[in-house]
Every structure is written in structure tokens, then in C-alpha cells.
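For reference, entry-v8.cif is printed below; it contains mmCIF, C-alpha atoms.
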```
data_run
loop_
_atom_site.group_PDB
_atom_site.id
_atom_site.type_symbol
_atom_site.label_atom_id
_atom_site.label_comp_id
_atom_site.auth_asym_id
_atom_site.auth_seq_id
_atom_site.Cartn_x
_atom_site.Cartn_y
_atom_site.Cartn_z
ATOM 1 C CA MET O 1 0.000 0.000 0.000
ATOM 2 C CA GLN O 2 1.372 3.388 -0.967
ATOM 3 C CA LEU O 3 0.717 6.103 1.599
ATOM 4 C CA LEU O 4 1.236 8.968 -0.854
ATOM 5 C CA ARG O 5 -1.539 7.637 -3.086
ATOM 6 C CA MET O 6 -4.090 8.654 -0.450
ATOM 7 C CA PHE O 7 -3.210 12.289 -1.079
ATOM 8 C CA SER O 8 -2.200 12.451 -4.755
ATOM 9 C CA THR O 9 -3.515 10.357 -7.633
ATOM 10 C CA ALA O 10 -1.717 12.112 -10.491
ATOM 11 C CA LYS O 11 0.771 9.275 -11.161
ATOM 12 C CA TYR O 12 -1.883 6.553 -11.060
ATOM 13 C CA LYS O 13 -4.721 8.098 -13.051
ATOM 14 C CA GLY O 14 -5.312 6.272 -16.306
ATOM 15 C CA LYS O 15 -3.650 3.011 -15.265
ATOM 16 C CA LYS O 16 -5.506 -0.277 -15.529
ATOM 17 C CA GLY O 17 -7.497 -0.950 -12.346
ATOM 18 C CA TYR O 18 -7.282 2.673 -11.177
ATOM 19 C CA LEU O 19 -10.905 2.963 -10.030
ATOM 20 C CA LYS O 20 -10.860 -0.371 -8.227
ATOM 21 C CA THR O 21 -7.719 0.375 -6.223
ATOM 22 C CA GLN O 22 -8.449 4.059 -5.675
ATOM 23 C CA LYS O 23 -11.712 3.187 -3.896
ATOM 24 C CA LYS O 24 -9.678 1.577 -1.104
ATOM 25 C CA TYR O 25 -7.478 4.639 -0.718
ATOM 26 C CA GLU O 26 -10.466 6.971 -0.674
ATOM 27 C CA ILE O 27 -12.170 4.915 2.061
ATOM 28 C CA LEU O 28 -8.960 4.759 4.107
ATOM 29 C CA ARG O 29 -8.327 8.503 3.808
ATOM 30 C CA THR O 30 -11.913 9.356 4.786
ATOM 31 C CA PHE O 31 -11.783 7.190 7.912
ATOM 32 C CA LEU O 32 -8.357 8.603 8.782
ATOM 33 C CA TYR O 33 -9.585 12.208 8.544
ATOM 34 C CA PHE O 34 -12.723 11.544 10.582
ATOM 35 C CA GLY O 35 -10.642 9.552 13.093
ATOM 36 C CA ILE O 36 -8.278 12.471 13.609
ATOM 37 C CA SER O 37 -11.191 14.848 14.225
ATOM 38 C CA LEU O 38 -12.862 12.416 16.609
ATOM 39 C CA SER O 39 -9.642 11.808 18.541
ATOM 40 C CA LEU O 40 -9.028 15.563 18.900
ATOM 41 C CA PHE O 41 -12.552 16.036 20.190
ATOM 42 C CA ALA O 42 -12.123 13.136 22.640
ATOM 43 C CA ALA O 43 -8.745 14.446 23.832
ATOM 44 C CA GLY O 44 -10.233 17.869 24.558
ATOM 45 C CA LEU O 45 -13.237 16.364 26.311
ATOM 46 C CA ILE O 46 -11.091 14.074 28.479
ATOM 47 C CA THR O 47 -8.560 16.729 29.483
ATOM 48 C CA THR O 48 -10.959 19.619 30.197
ATOM 49 C CA LYS O 49 -14.126 17.655 31.093
ATOM 50 C CA THR O 50 -16.137 19.982 28.832
ATOM 51 C CA ARG O 51 -16.831 20.378 25.130
ATOM 52 C CA LEU O 52 -16.034 24.089 25.308
ATOM 53 C CA ASN O 53 -12.318 24.032 24.501
ATOM 54 C CA LEU O 54 -9.924 24.796 21.687
ATOM 55 C CA LEU O 55 -9.553 21.150 20.606
ATOM 56 C CA THR O 56 -13.296 21.004 19.907
ATOM 57 C CA VAL O 57 -12.925 23.921 17.502
ATOM 58 C CA VAL O 58 -9.966 22.218 15.811
ATOM 59 C CA ALA O 59 -11.941 18.950 15.598
ATOM 60 C CA ILE O 60 -14.891 20.745 13.989
ATOM 61 C CA LEU O 61 -12.603 22.429 11.457
ATOM 62 C CA GLY O 62 -11.030 19.028 10.803
ATOM 63 C CA CYS O 63 -14.435 17.787 9.669
ATOM 64 C CA LEU O 64 -14.195 20.028 6.577
ATOM 65 C CA PRO O 65 -11.443 18.053 4.810
ATOM 66 C CA ALA O 66 -12.983 14.833 6.143
ATOM 67 C CA SER O 67 -16.322 15.715 4.572
ATOM 68 C CA LYS O 68 -14.635 16.639 1.292
ATOM 69 C CA SER O 69 -12.892 13.277 1.363
ATOM 70 C CA ALA O 70 -16.238 11.549 2.020
ATOM 71 C CA VAL O 71 -17.698 13.176 -1.093
ATOM 72 C CA GLY O 72 -14.732 11.931 -3.137
ATOM 73 C CA MET O 73 -15.149 8.461 -1.664
ATOM 74 C CA ILE O 74 -18.828 8.378 -2.625
ATOM 75 C CA MET O 75 -17.951 9.460 -6.172
ATOM 76 C CA PHE O 76 -15.395 6.671 -6.546
ATOM 77 C CA LEU O 77 -17.749 4.060 -5.092
ATOM 78 C CA ARG O 78 -20.347 4.860 -7.779
ATOM 79 C CA PHE O 79 -18.209 3.802 -10.745
ATOM 80 C CA ARG O 80 -16.698 0.595 -12.067
ATOM 81 C CA GLY O 81 -13.619 0.374 -14.214
ATOM 82 C CA CYS O 82 -12.876 -1.582 -17.357
ATOM 83 C CA SER O 83 -13.604 -5.280 -16.975
ATOM 84 C CA GLU O 84 -10.637 -7.642 -17.119
ATOM 85 C CA GLU O 85 -11.944 -9.438 -20.223
ATOM 86 C CA ASN O 86 -12.442 -6.181 -22.118
ATOM 87 C CA ALA O 87 -9.027 -4.893 -21.017
ATOM 88 C CA LYS O 88 -7.328 -8.031 -22.386
ATOM 89 C CA GLU O 89 -9.161 -7.694 -25.698
ATOM 90 C CA ILE O 90 -8.296 -3.989 -25.961
ATOM 91 C CA GLU O 91 -4.606 -4.638 -25.212
ATOM 92 C CA LYS O 92 -4.393 -6.949 -28.229
ATOM 93 C CA HIS O 93 -5.322 -4.062 -30.553
ATOM 94 C CA SER O 94 -3.809 -0.966 -28.903
ATOM 95 C CA GLU O 95 -0.127 -1.356 -29.697
ATOM 96 C CA GLY O 96 1.562 1.960 -30.464
ATOM 97 C CA LEU O 97 -1.209 4.048 -28.875
ATOM 98 C CA PHE O 98 -1.263 6.038 -25.668
ATOM 99 C CA CYS O 99 -3.909 4.401 -23.482
ATOM 100 C CA LEU O 100 -5.863 5.508 -20.421
ATOM 101 C CA TYR O 101 -8.097 3.202 -18.387
ATOM 102 C CA ASP O 102 -10.967 3.897 -15.983
ATOM 103 C CA MET O 103 -11.568 7.558 -16.743
ATOM 104 C CA VAL O 104 -14.584 9.280 -15.180
ATOM 105 C CA PHE O 105 -15.407 12.761 -16.431
ATOM 106 C CA THR O 106 -17.824 14.876 -14.429
ATOM 107 C CA SER O 107 -19.912 17.819 -15.534
ATOM 108 C CA TYR O 108 -22.665 19.797 -13.835
ATOM 109 C CA GLN O 109 -25.324 17.734 -15.602
ATOM 110 C CA LYS O 110 -23.867 14.219 -15.882
ATOM 111 C CA ASN O 111 -20.996 11.903 -15.126
ATOM 112 C CA TYR O 112 -19.332 10.002 -17.969
ATOM 113 C CA ASN O 113 -17.673 6.660 -17.210
ATOM 114 C CA VAL O 114 -15.219 5.755 -19.980
ATOM 115 C CA ALA O 115 -13.555 2.355 -19.542
ATOM 116 C CA HIS O 116 -10.690 2.977 -21.993
ATOM 117 C CA LEU O 117 -9.299 5.855 -24.037
ATOM 118 C CA ALA O 118 -6.702 5.694 -26.792
ATOM 119 C CA VAL O 119 -4.871 8.785 -27.997
ATOM 120 C CA LYS O 120 -2.760 9.330 -31.083
ATOM 121 C CA GLY O 121 -1.999 12.869 -32.138
ATOM 122 C CA ASN O 122 -5.266 14.817 -32.196
ATOM 123 C CA THR O 123 -7.416 11.681 -32.310
ATOM 124 C CA VAL O 124 -9.075 10.340 -29.166
ATOM 125 C CA CYS O 125 -11.198 7.204 -29.182
ATOM 126 C CA GLY O 126 -12.854 5.669 -26.183
ATOM 127 C CA TYR O 127 -14.870 2.677 -25.112
ATOM 128 C CA THR O 128 -17.641 2.744 -22.533
ATOM 129 C CA GLN O 129 -19.389 -0.172 -20.885
ATOM 130 C CA ASP O 130 -22.239 2.134 -19.827
ATOM 131 C CA GLY O 131 -25.293 1.448 -21.977
ATOM 132 C CA ALA O 132 -26.883 4.788 -21.009
ATOM 133 C CA PHE O 133 -23.829 6.829 -22.023
ATOM 134 C CA ASP O 134 -24.938 10.154 -23.555
ATOM 135 C CA GLU O 135 -22.473 10.628 -26.399
ATOM 136 C CA GLN O 136 -23.619 14.046 -27.611
ATOM 137 C CA SER O 137 -23.450 15.750 -24.222
ATOM 138 C CA PHE O 138 -20.071 14.092 -23.587
ATOM 139 C CA TYR O 139 -18.710 15.437 -26.876
ATOM 140 C CA GLN O 140 -19.881 18.945 -26.005
ATOM 141 C CA HIS O 141 -18.399 18.709 -22.506
ATOM 142 C CA ILE O 142 -15.035 17.274 -23.525
ATOM 143 C CA ASP O 143 -14.706 19.617 -26.511
ATOM 144 C CA GLY O 144 -15.237 22.617 -24.251
ATOM 145 C CA MET O 145 -12.733 21.356 -21.702
ATOM 146 C CA LEU O 146 -10.069 20.632 -24.322
ATOM 147 C CA LYS O 147 -10.571 24.035 -25.942
ATOM 148 C CA ALA O 148 -10.216 25.671 -22.504
ATOM 149 C CA ASP O 149 -6.794 23.990 -22.292
ATOM 150 C CA GLY O 150 -5.859 25.415 -25.691
ATOM 151 C CA LEU O 151 -6.313 22.161 -27.618
ATOM 152 C CA THR O 152 -8.294 22.656 -30.806
ATOM 153 C CA ASN O 153 -9.075 20.269 -33.656
ATOM 154 C CA VAL O 154 -9.112 17.243 -31.355
ATOM 155 C CA SER O 155 -11.355 14.519 -32.732
ATOM 156 C CA VAL O 156 -13.186 12.504 -30.039
ATOM 157 C CA LYS O 157 -15.283 9.381 -30.614
ATOM 158 C CA ILE O 158 -16.752 7.017 -27.994
ATOM 159 C CA PHE O 159 -17.779 3.458 -28.861
ATOM 160 C CA LYS O 160 -20.253 1.225 -27.025
ATOM 161 C CA ASP O 161 -19.471 -1.836 -29.152
ATOM 162 C CA LEU O 162 -16.131 -3.468 -28.277
ATOM 163 C CA SER O 163 -15.552 -5.037 -31.712
ATOM 164 C CA LYS O 164 -16.028 -1.685 -33.481
ATOM 165 C CA TYR O 165 -13.733 -0.058 -30.934
ATOM 166 C CA THR O 166 -10.946 -2.593 -31.413
ATOM 167 C CA SER O 167 -11.241 -2.160 -35.201
ATOM 168 C CA ARG O 168 -10.850 1.583 -34.747
ATOM 169 C CA LEU O 169 -7.824 1.041 -32.499
ATOM 170 C CA GLU O 170 -6.119 -0.916 -35.251
ATOM 171 C CA GLN O 171 -6.890 1.871 -37.737
ATOM 172 C CA MET O 172 -5.481 4.446 -35.311
ATOM 173 C CA GLY O 173 -2.322 2.369 -34.883
ATOM 174 C CA LYS O 174 -1.710 2.625 -38.635
ATOM 175 C CA LEU O 175 -2.213 6.405 -38.751
ATOM 176 C CA ASP O 176 0.900 8.397 -39.528
ATOM 177 C CA THR O 177 0.296 11.402 -37.319
ATOM 178 C CA ASP O 178 2.469 13.626 -35.183
ATOM 179 C CA GLN O 179 2.659 12.128 -31.694
ATOM 180 C CA GLY O 180 3.852 15.430 -30.181
ATOM 181 C CA ASN O 181 0.325 16.578 -29.361
ATOM 182 C CA SER O 182 -0.639 13.254 -27.760
ATOM 183 C CA GLN O 183 0.959 14.021 -24.406
ATOM 184 C CA LYS O 184 -0.781 17.400 -24.189
ATOM 185 C CA VAL O 185 -4.137 15.744 -24.878
ATOM 186 C CA ILE O 186 -3.439 13.008 -22.299
ATOM 187 C CA ASP O 187 -2.429 15.544 -19.651
ATOM 188 C CA SER O 188 -5.578 17.543 -20.295
ATOM 189 C CA LEU O 189 -7.786 14.435 -20.075
ATOM 190 C CA LYS O 190 -6.129 13.364 -16.824
ATOM 191 C CA ASN O 191 -6.624 16.824 -15.333
ATOM 192 C CA ILE O 192 -10.349 16.842 -15.934
ATOM 193 C CA ALA O 193 -11.017 13.226 -14.912
ATOM 194 C CA LEU O 194 -11.962 12.031 -11.445
#
```

Written as C-alpha cells, how would this file's structure read?
Amino acid sequence: MQLLRMFSTAKYKGKKGYLKTQKKYEILRTFLYFGISLSLFAAGLITTKTRLNLLTVVAILGCLPASKSAVGMIMFLRFRGCSEENAKEIEKHSEGLFCLYDMVFTSYQKNYNVAHLAVKGNTVCGYTQDGAFDEQSFYQHIDGMLKADGLTNVSVKIFKDLSKYTSRLEQMGKLDTDQGNSQKVIDSLKNIAL
């Protein structure tokens, strides 16, 4: 178990199994934060025999990051990552592409669970296991976010059918495009994902 992962997910976002393992860290961090607040409150109550002390104030303020962590935990518990069978099938066809697994994009209206994304140049293709995935609103959301990061002319397509997606991955692998923009697109996608 990596202690730093409880506080920073930047290195792990996009890796296979990210959502599954991150749930554990989110739960652990939430209980740790609430435990610290509770122990401070108990220490103040035991030492002064009253709730009216400085440690109670600190414990109450400590509930703010604990509550924020609880919200993050609930968000992670709602989503499932790419299934193992689908991940194995995707790996067979994604050679030479930059790949991101278990990406969840949130907007004010909806949340978009994308099991896998492949990036090559200005082309982004994704696969979702969510049958109710709203493609049009996702395209509008992601286009706006990429443009806000200064990335224009990025083509995004999400597939619900795995066989069509793997065919597209093979086509992308054969594209002769500049890979220089790929890392900028990946960084932008990681920044806006859960």
C-alpha cells in the first residue's frame, strides 16, 4: 500500500485498475480524517471535562477536509472500471497508442464513465461499458474542456461496441500522425477526470 496515493492520484490516473484500487485509498483517507477529528474532540473532552475548549474547535474544522474526502469516496464508489476481459481484448489491438483506463469525467449535468481511451496525435477514441452513455453531451463537454486547455481540432469518438472499438484502435495504430500533441491531450484528459 502506498501512503502517498491517499493524497495524490496524479501518477496513477489512467492506469488499468485505477478505479478499483483508488476506492480503497479513498475509504482509508476518509476514515483517517474523521478519526483524527474524533480523537481531537475526545482528547479535549477528556482533558478539560467539557466540550467548550480549543480542541473542539480544531476537531470541527477538521471535519471540513474529512467531509470533502467523504464526497470523493462516494464518487469513486459509484463507478466501475474496465472489466478484465475487455481490457485483455483492448490490449491486443492498442499497440503503439497512448492508453488511459478507468476515466470518469464529471460535468454539472452528468458523469461520464469511460472504460478505456486511446490517444494518437489529435485523435481520441474511447470505449464505454455504460449502456446509457450520452455521447452528444459528452462530446460537447469534452470539446469545451479541451478548448479551454488550448487544444483545438481534437477529434473525439466514444464506442459502445467493443468489436467496433478494437477495429478503430487498429486503424489508429496505422495512422501516420504527429505524436507530439498526444501528451498534451493526455495531460488535459487526466486533469479533468476524477

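Against the coordinates shown, the PyMOL selection byres ((chain O and resi 117) around 7) returns Cys99, Leu100, Tyr101, His116, Ala118, Val119, Val124, Cys125, Gly126 and Tyr127 of chain O.
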
Selection near O:Thr30, 12 Å with all atoms listed in the file, sequence-local residues under 5 positions removed, as an NGL selection string | :O and (6-7 or 23-25 or 35-37 or 62-74)

*List every protein, DNA or RNA residue that has an atom no more than 10 Å from (-20.7, -0.8, -24.6) in the file's coordinate frame, counting all atoms listed in the file, and report them as a list in words.*
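The answer, in the requested form, is Val114, Ala115, Tyr127, Thr128, Gln129, Asp130, Gly131, Ala132, Phe133, Ile158, Phe159, Lys160, Asp161, Leu162, Ser163 and Tyr165 of chain O.
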
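Using all atoms listed in the file, the shortest contact distance between O:Gln140 and any of O:Thr123, O:Thr177, O:Ser107, O:Thr166 is found at O:Ser107.
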
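Using all atoms listed in the file for every distance, the candidate list O:Ala43, O:Val156, O:Ile27, O:Leu189 yields O:Leu189 as the residue closest to O:Met103.
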
Quiz item: Skipping near chain neighbours, those fewer than 6 positions away, what residues fall within 10 Å of O:Leu175 using all atoms listed in the file, listed as JSON, numbers by chain?
Solution: {"O": [120, 121, 123, 169]}

Check your understanding: Can you tell me, as JSON, numbers by chain, what residues are no more than 7 Å from O:Gly81 when counting all atoms listed in the file, ignoring any on the same chain fewer than 2 positions away?
Key -> {"O": [17, 19, 20, 79, 83, 102, 115]}

Residues picked by the PyMOL selection byres ((chain O and resi 142-145) around 10) here, as an mmCIF file with C-alpha atoms, in the frame of the given file?
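The result, written out as result.cif:
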```
data_model
loop_
_atom_site.group_PDB
_atom_site.id
_atom_site.type_symbol
_atom_site.label_atom_id
_atom_site.label_comp_id
_atom_site.auth_asym_id
_atom_site.auth_seq_id
_atom_site.Cartn_x
_atom_site.Cartn_y
_atom_site.Cartn_z
ATOM 1 C CA PHE O 105 -15.407 12.761 -16.431
ATOM 2 C CA THR O 106 -17.824 14.876 -14.429
ATOM 3 C CA SER O 107 -19.912 17.819 -15.534
ATOM 4 C CA SER O 137 -23.450 15.750 -24.222
ATOM 5 C CA PHE O 138 -20.071 14.092 -23.587
ATOM 6 C CA TYR O 139 -18.710 15.437 -26.876
ATOM 7 C CA GLN O 140 -19.881 18.945 -26.005
ATOM 8 C CA HIS O 141 -18.399 18.709 -22.506
ATOM 9 C CA LEU O 146 -10.069 20.632 -24.322
ATOM 10 C CA LYS O 147 -10.571 24.035 -25.942
ATOM 11 C CA ALA O 148 -10.216 25.671 -22.504
ATOM 12 C CA ASP O 149 -6.794 23.990 -22.292
ATOM 13 C CA GLY O 150 -5.859 25.415 -25.691
ATOM 14 C CA LEU O 151 -6.313 22.161 -27.618
ATOM 15 C CA THR O 152 -8.294 22.656 -30.806
ATOM 16 C CA ASN O 153 -9.075 20.269 -33.656
ATOM 17 C CA VAL O 154 -9.112 17.243 -31.355
ATOM 18 C CA SER O 155 -11.355 14.519 -32.732
ATOM 19 C CA VAL O 156 -13.186 12.504 -30.039
ATOM 20 C CA SER O 188 -5.578 17.543 -20.295
ATOM 21 C CA LEU O 189 -7.786 14.435 -20.075
ATOM 22 C CA ASN O 191 -6.624 16.824 -15.333
ATOM 23 C CA ILE O 192 -10.349 16.842 -15.934
#
```
